[in-house]
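Enquirer: Hey, dropping run29.cif in here, mmCIF, C-alpha atoms:
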data_entry
#
loop_
_atom_site.group_PDB
_atom_site.id
_atom_site.type_symbol
_atom_site.label_atom_id
_atom_site.label_comp_id
_atom_site.auth_asym_id
_atom_site.auth_seq_id
_atom_site.Cartn_x
_atom_site.Cartn_y
_atom_site.Cartn_z
ATOM 1 C CA MET A 1201 55.527 217.303 207.812
ATOM 2 C CA ASN A 1202 54.694 217.954 204.182
ATOM 3 C CA PHE A 1203 51.237 217.316 202.737
ATOM 4 C CA ARG A 1204 49.980 216.255 199.333
ATOM 5 C CA PRO A 1205 46.541 215.957 197.704
ATOM 6 C CA LEU A 1206 45.023 212.471 197.791
ATOM 7 C CA GLY A 1207 43.678 212.452 194.266
ATOM 8 C CA LYS A 1208 40.074 213.551 193.842
ATOM 9 C CA THR A 1209 39.167 212.955 197.501
ATOM 10 C CA ASN A 1210 40.016 216.577 198.333
ATOM 11 C CA PHE A 1211 41.973 215.266 201.339
ATOM 12 C CA SER A 1212 45.382 216.772 202.034
ATOM 13 C CA VAL A 1213 47.445 213.993 203.595
ATOM 14 C CA SER A 1214 50.874 213.709 205.166
ATOM 15 C CA GLU A 1215 53.334 212.480 202.567
ATOM 16 C CA ILE A 1216 54.756 210.105 205.182
ATOM 17 C CA SER A 1217 51.743 208.418 206.714
ATOM 18 C CA LEU A 1218 51.313 205.178 208.666
ATOM 19 C CA GLY A 1219 50.454 201.628 207.680
ATOM 20 C CA THR A 1220 49.301 199.389 210.517
ATOM 21 C CA TRP A 1221 49.902 195.833 209.314
ATOM 22 C CA GLN A 1222 52.528 195.350 212.028
ATOM 23 C CA VAL A 1223 51.524 198.050 214.524
ATOM 24 C CA GLY A 1224 51.359 196.513 217.991
ATOM 25 C CA GLY A 1225 54.118 193.980 217.487
ATOM 26 C CA LYS A 1226 56.603 192.638 215.010
ATOM 27 C CA TRP A 1227 55.065 190.393 212.366
ATOM 28 C CA GLY A 1228 54.185 187.088 213.958
ATOM 29 C CA ASP A 1229 54.244 188.365 217.548
ATOM 30 C CA PRO A 1230 51.090 188.824 219.663
ATOM 31 C CA PHE A 1231 49.262 192.115 219.209
ATOM 32 C CA SER A 1232 49.865 194.698 221.953
ATOM 33 C CA ASN A 1233 47.344 197.494 222.413
ATOM 34 C CA GLN A 1234 49.875 199.448 224.457
ATOM 35 C CA VAL A 1235 52.501 199.330 221.708
ATOM 36 C CA ALA A 1236 49.961 200.036 218.976
ATOM 37 C CA GLU A 1237 48.457 203.047 220.704
ATOM 38 C CA GLY A 1238 51.906 204.407 221.549
ATOM 39 C CA ILE A 1239 52.942 204.299 217.897
ATOM 40 C CA LEU A 1240 49.658 205.762 216.696
ATOM 41 C CA HIS A 1241 49.801 208.679 219.152
ATOM 42 C CA ALA A 1242 53.447 209.343 218.287
ATOM 43 C CA ALA A 1243 52.611 209.383 214.587
ATOM 44 C CA ILE A 1244 49.833 211.918 215.056
ATOM 45 C CA ASP A 1245 52.058 214.014 217.319
ATOM 46 C CA ALA A 1246 54.586 214.099 214.464
ATOM 47 C CA GLY A 1247 51.992 215.397 211.991
ATOM 48 C CA VAL A 1248 50.776 212.162 210.396
ATOM 49 C CA ASN A 1249 47.114 212.602 209.459
ATOM 50 C CA PHE A 1250 46.452 209.492 207.339
ATOM 51 C CA ILE A 1251 46.352 205.997 208.834
ATOM 52 C CA ASP A 1252 45.844 202.852 206.787
ATOM 53 C CA THR A 1253 44.480 199.679 208.365
ATOM 54 C CA ALA A 1254 42.476 196.612 207.334
ATOM 55 C CA ASP A 1255 39.888 194.310 208.844
ATOM 56 C CA VAL A 1256 42.307 191.363 208.673
ATOM 57 C CA TYR A 1257 45.210 193.074 210.438
ATOM 58 C CA SER A 1258 45.543 191.214 213.754
ATOM 59 C CA ALA A 1259 41.987 189.918 213.251
ATOM 60 C CA GLY A 1260 40.427 193.354 213.686
ATOM 61 C CA LEU A 1261 42.543 194.489 216.643
ATOM 62 C CA SER A 1262 44.389 196.988 214.444
ATOM 63 C CA GLU A 1263 41.114 198.661 213.442
ATOM 64 C CA GLU A 1264 40.019 198.805 217.073
ATOM 65 C CA ALA A 1265 43.277 200.456 218.150
ATOM 66 C CA VAL A 1266 43.136 202.965 215.297
ATOM 67 C CA GLY A 1267 39.569 203.839 216.184
ATOM 68 C CA ARG A 1268 40.309 204.342 219.881
ATOM 69 C CA VAL A 1269 43.250 206.627 219.185
ATOM 70 C CA VAL A 1270 41.555 208.658 216.458
ATOM 71 C CA ARG A 1271 38.446 209.167 218.589
ATOM 72 C CA SER A 1272 40.621 210.417 221.453
ATOM 73 C CA ARG A 1273 42.365 213.075 219.350
ATOM 74 C CA SER A 1274 41.184 216.511 218.296
ATOM 75 C CA GLU A 1275 43.150 216.546 215.023
ATOM 76 C CA ARG A 1276 41.505 215.635 211.730
ATOM 77 C CA ILE A 1277 42.840 212.165 211.022
ATOM 78 C CA TYR A 1278 41.858 210.337 207.856
ATOM 79 C CA VAL A 1279 41.225 206.625 208.377
ATOM 80 C CA ALA A 1280 41.480 204.155 205.514
ATOM 81 C CA SER A 1281 40.579 200.503 205.903
ATOM 82 C CA LYS A 1282 40.205 197.554 203.547
ATOM 83 C CA CYS A 1283 37.776 194.730 202.957
ATOM 84 C CA GLY A 1284 37.611 191.466 201.040
ATOM 85 C CA ARG A 1285 40.538 189.442 202.334
ATOM 86 C CA GLN A 1286 38.322 187.684 204.864
ATOM 87 C CA ILE A 1287 36.735 185.813 201.981
ATOM 88 C CA THR A 1288 37.922 182.190 202.200
ATOM 89 C CA PRO A 1289 38.893 180.846 199.796
ATOM 90 C CA HIS A 1290 39.807 184.229 198.371
ATOM 91 C CA LEU A 1291 38.013 183.845 195.048
ATOM 92 C CA ASN A 1292 35.848 186.012 192.823
ATOM 93 C CA GLU A 1293 32.730 184.025 193.768
ATOM 94 C CA GLY A 1294 33.050 185.118 197.388
ATOM 95 C CA TYR A 1295 32.788 188.793 196.469
ATOM 96 C CA THR A 1296 29.096 189.449 197.025
ATOM 97 C CA GLU A 1297 27.406 192.722 197.832
ATOM 98 C CA LYS A 1298 26.057 191.235 201.063
ATOM 99 C CA ALA A 1299 29.491 190.079 202.236
ATOM 100 C CA LEU A 1300 31.236 193.345 201.413
ATOM 101 C CA ARG A 1301 28.511 195.440 203.047
ATOM 102 C CA GLY A 1302 28.897 193.314 206.149
ATOM 103 C CA TYR A 1303 32.652 193.826 206.227
ATOM 104 C CA VAL A 1304 32.281 197.600 205.972
ATOM 105 C CA GLU A 1305 29.704 197.665 208.749
ATOM 106 C CA ASP A 1306 31.953 195.481 210.911
ATOM 107 C CA SER A 1307 34.845 197.908 210.349
ATOM 108 C CA LEU A 1308 32.657 200.802 211.435
ATOM 109 C CA ARG A 1309 31.709 198.912 214.578
ATOM 110 C CA ARG A 1310 35.313 198.051 215.426
ATOM 111 C CA THR A 1311 36.653 201.547 214.830
ATOM 112 C CA GLY A 1312 33.693 203.251 216.477
ATOM 113 C CA LEU A 1313 33.676 205.815 213.670
ATOM 114 C CA GLU A 1314 30.541 207.151 212.008
ATOM 115 C CA THR A 1315 32.100 206.930 208.563
ATOM 116 C CA LEU A 1316 35.255 205.550 206.958
ATOM 117 C CA ASP A 1317 37.154 208.189 205.015
ATOM 118 C CA LEU A 1318 38.383 205.549 202.581
ATOM 119 C CA ILE A 1319 37.505 201.895 202.111
ATOM 120 C CA GLN A 1320 39.665 199.857 199.761
ATOM 121 C CA LEU A 1321 39.013 196.543 198.090
ATOM 122 C CA HIS A 1322 41.856 194.438 199.469
ATOM 123 C CA CYS A 1323 43.730 192.925 196.513
ATOM 124 C CA PRO A 1324 40.684 191.237 194.962
ATOM 125 C CA PRO A 1325 41.020 188.663 192.176
ATOM 126 C CA MET A 1326 41.186 190.176 188.695
ATOM 127 C CA GLU A 1327 37.668 188.920 187.854
ATOM 128 C CA VAL A 1328 36.188 191.315 190.428
ATOM 129 C CA TYR A 1329 37.311 194.285 188.330
ATOM 130 C CA TYR A 1330 34.905 193.145 185.599
ATOM 131 C CA ARG A 1331 31.861 193.307 187.902
ATOM 132 C CA PRO A 1332 30.343 196.810 187.930
ATOM 133 C CA GLU A 1333 27.789 195.805 190.557
ATOM 134 C CA ILE A 1334 30.558 195.421 193.129
ATOM 135 C CA PHE A 1335 31.766 198.965 192.544
ATOM 136 C CA GLY A 1336 28.183 200.203 192.492
ATOM 137 C CA LEU A 1337 27.665 198.880 196.024
ATOM 138 C CA PHE A 1338 30.156 201.408 197.356
ATOM 139 C CA GLU A 1339 28.209 204.268 195.791
ATOM 140 C CA ARG A 1340 25.234 203.217 197.902
ATOM 141 C CA LEU A 1341 27.423 202.933 200.996
ATOM 142 C CA LYS A 1342 28.629 206.450 200.273
ATOM 143 C CA GLU A 1343 25.059 207.714 199.955
ATOM 144 C CA GLU A 1344 24.300 206.068 203.291
ATOM 145 C CA GLY A 1345 27.196 207.949 204.882
ATOM 146 C CA LYS A 1346 29.103 204.793 205.820
ATOM 147 C CA ILE A 1347 32.083 205.625 203.621
ATOM 148 C CA GLN A 1348 33.438 208.780 202.037
ATOM 149 C CA HIS A 1349 35.486 207.287 199.235
ATOM 150 C CA LEU A 1350 36.402 204.005 197.534
ATOM 151 C CA GLY A 1351 39.871 202.833 196.591
ATOM 152 C CA VAL A 1352 41.563 199.630 195.502
ATOM 153 C CA SER A 1353 44.638 197.952 196.902
ATOM 154 C CA VAL A 1354 46.353 195.949 194.178
ATOM 155 C CA GLU A 1355 49.164 193.501 193.542
ATOM 156 C CA LYS A 1356 49.633 194.161 189.824
ATOM 157 C CA VAL A 1357 49.796 197.237 187.622
ATOM 158 C CA GLU A 1358 47.155 195.678 185.357
ATOM 159 C CA GLU A 1359 44.699 195.558 188.284
ATOM 160 C CA ALA A 1360 45.368 199.213 189.045
ATOM 161 C CA LEU A 1361 44.715 200.236 185.455
ATOM 162 C CA LYS A 1362 41.454 198.288 185.354
ATOM 163 C CA GLY A 1363 40.277 199.583 188.727
ATOM 164 C CA MET A 1364 40.790 203.190 187.727
ATOM 165 C CA GLN A 1365 38.274 202.768 184.919
ATOM 166 C CA TYR A 1366 35.544 203.063 187.557
ATOM 167 C CA ASP A 1367 34.881 206.743 188.242
ATOM 168 C CA ASN A 1368 34.265 206.171 191.947
ATOM 169 C CA VAL A 1369 37.725 204.677 192.491
ATOM 170 C CA THR A 1370 39.588 207.620 194.010
ATOM 171 C CA THR A 1371 42.817 205.937 195.140
ATOM 172 C CA VAL A 1372 45.081 203.031 194.307
ATOM 173 C CA GLN A 1373 47.336 201.446 196.898
ATOM 174 C CA ILE A 1374 50.304 199.731 195.279
ATOM 175 C CA ILE A 1375 53.797 198.425 196.039
ATOM 176 C CA PHE A 1376 56.424 200.863 194.795
ATOM 177 C CA ASN A 1377 60.038 201.241 195.840
ATOM 178 C CA VAL A 1378 63.610 201.175 194.530
ATOM 179 C CA PHE A 1379 63.244 197.420 193.954
ATOM 180 C CA ARG A 1380 59.754 197.634 192.380
ATOM 181 C CA GLN A 1381 59.829 200.410 189.805
ATOM 182 C CA ARG A 1382 57.327 199.342 187.161
ATOM 183 C CA PRO A 1383 54.384 201.407 188.544
ATOM 184 C CA SER A 1384 56.200 204.633 187.645
ATOM 185 C CA GLU A 1385 55.713 203.885 183.977
ATOM 186 C CA LEU A 1386 52.207 203.732 182.471
ATOM 187 C CA PHE A 1387 50.314 203.519 185.770
ATOM 188 C CA PHE A 1388 51.620 206.788 187.202
ATOM 189 C CA ALA A 1389 50.738 208.630 183.996
ATOM 190 C CA GLU A 1390 47.202 207.201 183.961
ATOM 191 C CA ALA A 1391 46.651 207.995 187.645
ATOM 192 C CA ARG A 1392 47.775 211.573 187.073
ATOM 193 C CA GLU A 1393 45.415 211.906 184.104
ATOM 194 C CA ARG A 1394 42.468 210.564 186.115
ATOM 195 C CA ASN A 1395 43.377 212.442 189.321
ATOM 196 C CA VAL A 1396 43.599 209.201 191.283
ATOM 197 C CA GLY A 1397 45.591 209.269 194.506
ATOM 198 C CA ILE A 1398 48.518 206.858 194.831
ATOM 199 C CA ILE A 1399 49.159 205.282 198.216
ATOM 200 C CA VAL A 1400 52.521 203.526 198.304
ATOM 201 C CA ARG A 1401 52.869 200.439 200.472
ATOM 202 C CA VAL A 1402 55.854 198.150 201.155
ATOM 203 C CA PRO A 1403 58.154 201.133 200.507
ATOM 204 C CA LEU A 1404 61.067 199.477 202.299
ATOM 205 C CA ALA A 1405 60.643 196.033 200.694
ATOM 206 C CA SER A 1406 59.736 194.448 204.053
ATOM 207 C CA GLY A 1407 62.773 196.064 205.655
ATOM 208 C CA LEU A 1408 65.248 194.917 203.020
ATOM 209 C CA LEU A 1409 65.874 198.504 201.885
ATOM 210 C CA THR A 1410 66.874 199.611 205.381
ATOM 211 C CA GLY A 1411 70.223 197.914 204.811
ATOM 212 C CA LYS A 1412 70.079 196.379 208.275
ATOM 213 C CA PHE A 1413 69.693 192.723 207.236
ATOM 214 C CA ASN A 1414 72.512 190.309 206.516
ATOM 215 C CA THR A 1415 73.009 186.591 205.961
ATOM 216 C CA ASP A 1416 72.746 186.006 209.719
ATOM 217 C CA SER A 1417 69.375 187.778 210.086
ATOM 218 C CA THR A 1418 66.523 185.484 211.137
ATOM 219 C CA PHE A 1419 62.744 185.842 211.175
ATOM 220 C CA GLY A 1420 60.209 184.052 213.364
ATOM 221 C CA LYS A 1421 58.241 181.177 211.876
ATOM 222 C CA GLU A 1422 55.037 183.275 211.968
ATOM 223 C CA ASP A 1423 56.736 186.201 210.214
ATOM 224 C CA HIS A 1424 55.839 186.386 206.507
ATOM 225 C CA ARG A 1425 59.481 187.156 205.754
ATOM 226 C CA HIS A 1426 60.157 183.586 206.855
ATOM 227 C CA PHE A 1427 57.244 181.636 205.373
ATOM 228 C CA ASN A 1428 56.076 183.645 202.350
ATOM 229 C CA ARG A 1429 59.209 184.134 200.267
ATOM 230 C CA ASP A 1430 57.816 181.767 197.652
ATOM 231 C CA GLY A 1431 54.179 182.827 198.094
ATOM 232 C CA ALA A 1432 53.125 180.078 200.513
ATOM 233 C CA GLY A 1433 50.711 182.385 202.354
ATOM 234 C CA PHE A 1434 49.789 185.093 199.840
ATOM 235 C CA ASP A 1435 51.284 186.908 196.869
ATOM 236 C CA LYS A 1436 55.052 186.615 197.220
ATOM 237 C CA GLY A 1437 55.392 190.175 195.959
ATOM 238 C CA GLU A 1438 54.296 191.370 199.409
ATOM 239 C CA THR A 1439 57.469 189.859 200.904
ATOM 240 C CA PHE A 1440 60.716 191.679 200.102
ATOM 241 C CA SER A 1441 58.790 193.055 197.091
ATOM 242 C CA GLY A 1442 59.243 189.678 195.443
ATOM 243 C CA VAL A 1443 63.016 190.055 195.324
ATOM 244 C CA ASP A 1444 65.069 186.961 196.083
ATOM 245 C CA TYR A 1445 66.394 187.554 199.583
ATOM 246 C CA THR A 1446 69.986 186.571 198.885
ATOM 247 C CA LEU A 1447 70.061 188.710 195.752
ATOM 248 C CA GLY A 1448 68.486 191.558 197.703
ATOM 249 C CA LEU A 1449 71.261 191.440 200.289
ATOM 250 C CA LYS A 1450 73.856 191.661 197.519
ATOM 251 C CA ALA A 1451 72.040 194.601 195.966
ATOM 252 C CA MET A 1452 71.967 196.352 199.328
ATOM 253 C CA GLU A 1453 75.704 195.915 199.785
ATOM 254 C CA ARG A 1454 76.111 197.862 196.584
ATOM 255 C CA MET A 1455 73.502 200.410 197.730
ATOM 256 C CA LYS A 1456 75.458 201.087 200.916
ATOM 257 C CA GLN A 1457 78.392 202.270 198.830
ATOM 258 C CA LEU A 1458 76.242 205.194 197.671
ATOM 259 C CA PHE A 1459 75.719 206.324 201.270
ATOM 260 C CA PRO A 1460 78.998 205.847 203.152
ATOM 261 C CA GLY A 1461 78.667 206.172 206.912
ATOM 262 C CA GLU A 1462 74.862 205.843 206.920
ATOM 263 C CA LYS A 1463 73.761 202.729 208.818
ATOM 264 C CA ASN A 1464 70.027 203.138 208.210
ATOM 265 C CA LEU A 1465 69.029 203.585 204.572
ATOM 266 C CA ALA A 1466 65.254 203.620 205.190
ATOM 267 C CA PRO A 1467 64.955 207.423 204.906
ATOM 268 C CA ARG A 1468 66.911 207.325 201.653
ATOM 269 C CA ALA A 1469 64.566 204.690 200.214
ATOM 270 C CA LEU A 1470 61.594 206.865 201.151
ATOM 271 C CA GLN A 1471 63.235 209.936 199.634
ATOM 272 C CA TRP A 1472 63.581 208.047 196.369
ATOM 273 C CA ILE A 1473 59.796 207.494 196.334
ATOM 274 C CA LEU A 1474 58.949 211.072 197.315
ATOM 275 C CA ARG A 1475 60.688 212.314 194.178
ATOM 276 C CA PHE A 1476 57.575 211.301 192.239
ATOM 277 C CA PRO A 1477 54.854 213.986 192.406
ATOM 278 C CA GLU A 1478 52.185 211.427 191.475
ATOM 279 C CA VAL A 1479 52.639 209.773 194.893
ATOM 280 C CA SER A 1480 50.110 211.074 197.400
ATOM 281 C CA CYS A 1481 51.540 209.370 200.455
ATOM 282 C CA ILE A 1482 53.736 206.526 201.631
ATOM 283 C CA ILE A 1483 52.497 204.185 204.369
ATOM 284 C CA PRO A 1484 55.506 202.472 205.932
ATOM 285 C CA GLY A 1485 54.682 200.338 208.920
ATOM 286 C CA ALA A 1486 56.264 200.538 212.342
ATOM 287 C CA SER A 1487 56.454 198.044 215.165
ATOM 288 C CA LYS A 1488 58.598 200.387 217.263
ATOM 289 C CA ILE A 1489 58.693 204.140 217.874
ATOM 290 C CA GLU A 1490 62.236 204.136 216.455
ATOM 291 C CA HIS A 1491 60.907 202.868 213.118
ATOM 292 C CA LEU A 1492 58.384 205.683 213.025
ATOM 293 C CA ALA A 1493 61.047 208.271 213.839
ATOM 294 C CA SER A 1494 63.228 206.918 211.043
ATOM 295 C CA ASN A 1495 60.412 207.094 208.525
ATOM 296 C CA ILE A 1496 59.277 210.621 209.272
ATOM 297 C CA SER A 1497 62.869 211.882 209.161
ATOM 298 C CA ALA A 1498 63.069 211.315 205.396
ATOM 299 C CA PRO A 1499 61.821 214.760 204.256
ATOM 300 C CA GLU A 1500 64.258 216.510 206.616
ATOM 301 C CA MET A 1501 67.395 214.783 205.367
ATOM 302 C CA PRO A 1502 69.691 216.295 202.737
ATOM 303 C CA PRO A 1503 68.131 215.567 199.339
ATOM 304 C CA LEU A 1504 69.408 212.755 197.208
ATOM 305 C CA THR A 1505 72.069 213.799 194.730
ATOM 306 C CA GLN A 1506 71.658 212.963 191.063
ATOM 307 C CA GLU A 1507 74.615 210.621 191.405
ATOM 308 C CA GLN A 1508 72.863 208.732 194.214
ATOM 309 C CA ILE A 1509 69.599 208.551 192.275
ATOM 310 C CA ASP A 1510 71.397 207.244 189.201
ATOM 311 C CA GLY A 1511 73.230 204.720 191.338
ATOM 312 C CA MET A 1512 70.034 203.444 192.971
ATOM 313 C CA ASN A 1513 68.366 203.082 189.593
ATOM 314 C CA ALA A 1514 71.390 201.305 188.147
ATOM 315 C CA ILE A 1515 71.226 198.699 190.936
ATOM 316 C CA TYR A 1516 67.619 198.022 190.002
ATOM 317 C CA GLU A 1517 68.331 197.829 186.293
ATOM 318 C CA GLU A 1518 71.379 195.603 186.604
ATOM 319 C CA MET A 1519 70.490 193.340 189.529
ATOM 320 C CA VAL A 1520 66.768 193.353 190.328
ATOM 321 C CA LYS A 1521 64.652 194.252 187.312
ATOM 322 C CA ALA A 1522 64.871 190.956 185.418
ATOM 323 C CA GLY A 1523 63.366 189.036 188.324
ATOM 324 C CA VAL A 1524 60.442 191.290 189.233
ATOM 325 C CA HIS A 1525 59.578 193.895 186.618
ATOM 326 C CA GLN A 1526 57.053 192.012 184.498
ATOM 327 C CA LEU A 1527 55.576 189.934 187.330
ATOM 328 C CA TRP A 1528 53.705 192.775 189.009
#
The structure in this file should be written as structure tokens.
Expert:
Amino acid sequence: MNFRPLGKTNFSVSEISLGTWQVGGKWGDPFSNQVAEGILHAAIDAGVNFIDTADVYSAGLSEEAVGRVVRSRSERIYVASKCGRQITPHLNEGYTEKALRGYVEDSLRRTGLETLDLIQLHCPPMEVYYRPEIFGLFERLKEEGKIQHLGVSVEKVEEALKGMQYDNVTTVQIIFNVFRQRPSELFFAEARERNVGIIVRVPLASGLLTGKFNTDSTFGKEDHRHFNRDGAGFDKGETFSGVDYTLGLKAMERMKQLFPGEKNLAPRALQWILRFPEVSCIIPGASKIEHLASNISAPEMPPLTQEQIDGMNAIYEEMVKAGVHQLW
């Protein structure tokens, strides 16, 4: 496993880390502690030392599983969680210091940890970024020892740029992959200048970039890849990175031509991301041990050739960019 600095946190984190949105079961299926803990232990065994969770993942069960596993291990594992998405309706007015403090304290209780290494505002409305008192709260929580660092998880590049204007924002979690390339422009340069860590989520475009889906693939009715393609549940950019599914399948057919004989393109998609030194870590999810094994194999595979890189970028430019680039 290779490690990279996480911005100004002074943490050195595994470049392939673990996101836990779907740990414990495929999206829409009941949460399984046995599956979750198996994946978490396997990740740590493989050298993963950064785990990202959130209070809303499986209604807190993800945080509980992460806490149990981390407390049982001797390795130094960095735990990042998120807060704010419990606010209903999810509006600026619901972001109060009292509510956010309560969410952080609830996360500490569920994980059983004395402190959270990183707490991230969970895709708050843009208005929140214009409220210094909200960001000031986390300085007090840091002084109290309840958190070590603050970060923001964002939908749009504009939110990332605004969030980084607060000195205590140490990380930005953002969607970035072959089908969502805009962050590598101005945002990456600004993050590098400010020494802000970049945590990449949705690196496989909800599985689309694995190359394993086709027109016959189906998703359960509780799976966001079924119900959220048009943003019915939350920002549609979280599902297939906002790419039209049918178009995405066509783009992947062209992508497969760059990697003849390779049935699983997930490691190649992760390699494309790891080319950017500004990226601190990638947090692909895993609902099976096989997914985890695929993800952590990326750094060990033969490097992408310039021809493959150019081909991947050309697919984005010619097929995908017009539909997603300026939206996020």
Enquirer: Given the file shown, enumerate the residues that the PyMOL selection byres ((chain A and resi 1521-1524) around 9) captures and present them as a list in words.
Expert: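 Given this file, the PyMOL selection byres ((chain A and resi 1521-1524) around 9) evaluates to Phe1379, Arg1380, Gln1381, Arg1382, Gly1437, Ser1441, Gly1442, Val1443, Asp1444, Ile1515, Tyr1516, Glu1517, Glu1518, Met1519, Val1520, His1525, Gln1526, Leu1527 and Trp1528 of chain A.
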Enquirer: Rounded to one decimal in Å, what is the spacing between atom CA of Val1402 of chain A and atom CA of Val1223 of chain A?
Expert: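 Atom CA of Val1223 of chain A lies at a distance of 14.1 Å from atom CA of Val1402 of chain A.
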Enquirer: For Ala1469 of chain A, which residue among A:Gln1506, A:Gly1448, A:Phe1440, A:Thr1410 is the nearest when counting all atoms listed in the file?
Expert: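 Between A:Gln1506, A:Gly1448, A:Phe1440, A:Thr1410, the residue approaching Ala1469 of chain A most closely is A:Thr1410.
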Enquirer: Suppose you want the space between atom CA of Pro1205 of chain A and atom CA of Cys1481 of chain A; what is it in Å?
Expert: 8.7 Å
Enquirer: With all atoms listed in the file as the counted atoms, please give the residues lying no more than 7 Å from segment 1340-1356 of chain A, apart from itself and same-chain residues fewer than 5 positions off, as a list in words.
Expert: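 Everything that qualifies: Thr1209, Glu1314, Thr1315, Leu1316, Asp1317, Leu1318, Ile1319, Gln1320, Leu1321, His1322, Cys1323, Gly1363, Asn1368, Val1369, Thr1370, Thr1371, Val1372, Gln1373, Ile1374 and Trp1528 of chain A.
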Enquirer: Out of A:Val1378, A:Phe1419, A:Tyr1295, A:Phe1387, which residue has the shortest atom-to-atom distance to Trp1472 of chain A when counting only C-alpha atoms?
Expert: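 So, comparing all the options, the nearest one is A:Val1378.
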Enquirer: Which is closest to Phe1413 of chain A among A:Glu1264, A:Glu1500, A:Glu1507, A:Glu1453, if we use only C-alpha atoms?
Expert: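 Ranked by minimum distance to Phe1413 of chain A, first place goes to A:Glu1453.
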Enquirer: Enter the distance from atom CA of Glu1275 of chain A to atom CA of Ala1246 of chain A, in Å, rounded to one decimal.
Expert: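 Atom CA of Ala1246 of chain A lies at a distance of 11.7 Å from atom CA of Glu1275 of chain A.
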Enquirer: Taking the file as shown, what set of residues would the PyMOL selection byres ((chain A and resi 1464) around 8) give back, as a list in words?
Expert: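 Given this file, the PyMOL selection byres ((chain A and resi 1464) around 8) evaluates to Thr1410, Gly1411, Lys1412, Glu1462, Lys1463, Leu1465, Ala1466 and Pro1467 of chain A.
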